[in-house]
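Below is one structure; the comments refer to it alone.
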Amino acid sequence: MREAPAELRERLERQNQLHVLYGWEKLSGVQRAGLVRQLTEVPWEKVLGLAVSGAKPAPSLAWQELEPAPLTPAAATADEQAAGKAALRQGVIAALVVAGGQGTRLGTDQPKGAFPIGPLSRASLFQIHAEKIAALSRQYGRPLPWLIMTSPATDAATREFFERHSYFGLARDQVRFFLQGTMPVVCARTRRLLLEAPGQLLLSPNGHGGTLSALAEHGLLDELESRGIEHIFYFQVDNPLVRVCDPGFVGRHVLSRAEVSSKVVLKDQPQEKVGIFARHQGRCVLIEYSDLPAELAQEREANGRLRYAAGNPAIHIFRRDFLQRVLSLGELPLHVAHKVAAHFDPDTGQWVTPQTPNAFKFEQFIFDILPHARQWLLMETPRADEFAPLKNAEGPDSPPTVQQAMVALHRRWLLQAGVPVQDWPVEISPLFALSAEEVMQRIPPGFRLTGPTYLREDTK
């Protein structure tokens, strides 16, 4: 077959996308079938409609009806702690980490989770989180299931990284990798689909909102239901401070019968680039910082605190049956991002690497499920205790600032245990302790720092 099927050519011509057939006559049968499959999966109306508009749609909110979100306090009660520990012992909760990103902005083409961030140990993000999972499994007497969402760019490398490190001591059947979906990338100037190579569309991960559809497509929601899992603790791989399955948070979520619970860090500057939780018509919404009107972003309470201060550190607990209900309502909306995308140019037959944003990428956001929750809660958490995301090679949210936050947190834990810390850098493995309270229980009597110290499982 020298030419593409007439029906396919006609459809592409109507959409001004005939260029994707570049090199068709030289493609193998497998390559042609793959291209046809990709084109069949393109949500044409949504993607091209958003691309033609050239901008993301404005939030459909009545700003005059927006209210600050009600927050619950950071400190959990004894009953909440007990309920959370009971949930962990009963095995009704699983952990899920979103780990589809590469460390491109950190100067590496490896999965971001493989980046060595331990201030003294050089432990990777994956290792730090794996040790938390292992510590919780040991403490509560049953393996805590861990779901790891990868992307096409990170899946193989992530699996190989875990194999190379023997799953950091976790049982292989305790860890489940699953692949998020993709969306085509569109040229911002011509509104044409970009190509990775002749016969292959350029695809981009569909965002953290793709977690929902990926769980369903891989049969994981049904599997979790069959295993008696009722709640899913969600976090992002780039935050080494997150308290995975924090018993107090889990317990508050369970006792309140919330469909979704989220942790909150308070903003102190209106311009901070973090999404904001708010209440709109009785429902929980999350507003991107760029969408919140400036006058609302700058409003302050009588005590000087920002009125809209509930920042999103991307730490949630979802009821499994809530996710299943949201899936039944249809797909999450698509958001458009104007980004740089290297691609194959069929007009010149060359690979192109732009220096400025040239393409539209399409993503779904997990927080778009929040307004569907009938019962929800937001729990404050101190930023210094639980939020230090690794984003950039330099400046804010870079390895030095993240490591400083880790050292500062572990110094506070030691101080609470009565250990003078002086100016020595310290790091505490999750296998040694997950909290200040555990440090108090584990620290040897009379313990003193004599230099940079890494407290590990075997510390005497």
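Lettering and numbering for the structure tokens are positional, with chains as A, B, ... in the shown order, residues counted from 1 in each chain, and ligands counted from 1 in the shown order.
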
Would you mind listing what lies within 9 Å of Arg252 in chain A as an NGL selection string, with only C-alpha atoms counted and same-chain residues fewer than 4 positions away left out?
:A and (76-77 or 79-81 or 83-84 or 247-248 or 256-258 or 261 or 377 or 379)

Any chance you could tabulate, as a tab-separated table, the residues of range 1-81 of chain A at most 9 Å from range 340-352 of chain A with each one's nearest atom pair and distance in Å to one decimal, using only C-alpha atoms, in chain and rising number order?
```
residue	atom	partner	partner_atom	distance
A:His19	CA	A:Pro346	CA	6.8
A:Val20	CA	A:Pro346	CA	7.9
A:Tyr22	CA	A:Pro346	CA	6.3
A:Gly23	CA	A:Pro346	CA	8.6
```

Kindly save the residues from that selection, with N, CA, C and O atoms included, as a compact mmCIF listing (two decimals), in the first residue's frame.
```txt
# COMPACT_ATOMS: atom_id res chain seq x y z
N HIS A 19 -0.04 16.54 7.03
CA HIS A 19 1.43 16.42 7.16
C HIS A 19 1.84 15.20 7.99
O HIS A 19 2.97 14.74 7.88
N VAL A 20 0.94 14.66 8.82
CA VAL A 20 1.34 13.55 9.69
C VAL A 20 1.60 12.28 8.88
O VAL A 20 2.18 11.32 9.40
N TYR A 22 3.63 12.17 6.45
CA TYR A 22 4.96 12.31 5.87
C TYR A 22 5.71 10.97 5.94
O TYR A 22 5.79 10.33 6.99
N GLY A 23 6.25 10.54 4.81
CA GLY A 23 7.05 9.32 4.76
C GLY A 23 6.24 8.05 4.82
O GLY A 23 6.81 6.97 5.05
```

Show which residues sit within 7 Å of range 414-423 of chain A, as an MDAnalysis selection string. Count only C-alpha atoms, and ignore same-chain residues fewer than 4 positions away.
chainID A and resid 410 436 439:440 447:449

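Using only C-alpha atoms, the shortest contact distance between Ser429 in chain A and any of A:Leu327, A:Leu170, A:Leu241, A:Ala87 is found at A:Leu241.
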
Could you tell me, as number ranges by chain, which residues of range 65-256 of chain A DSSP assigns to alpha helix (DSSP H) when given the backbone?
A: 78-90, 125-140, 155-164, 210-217, 220-226, 247-256
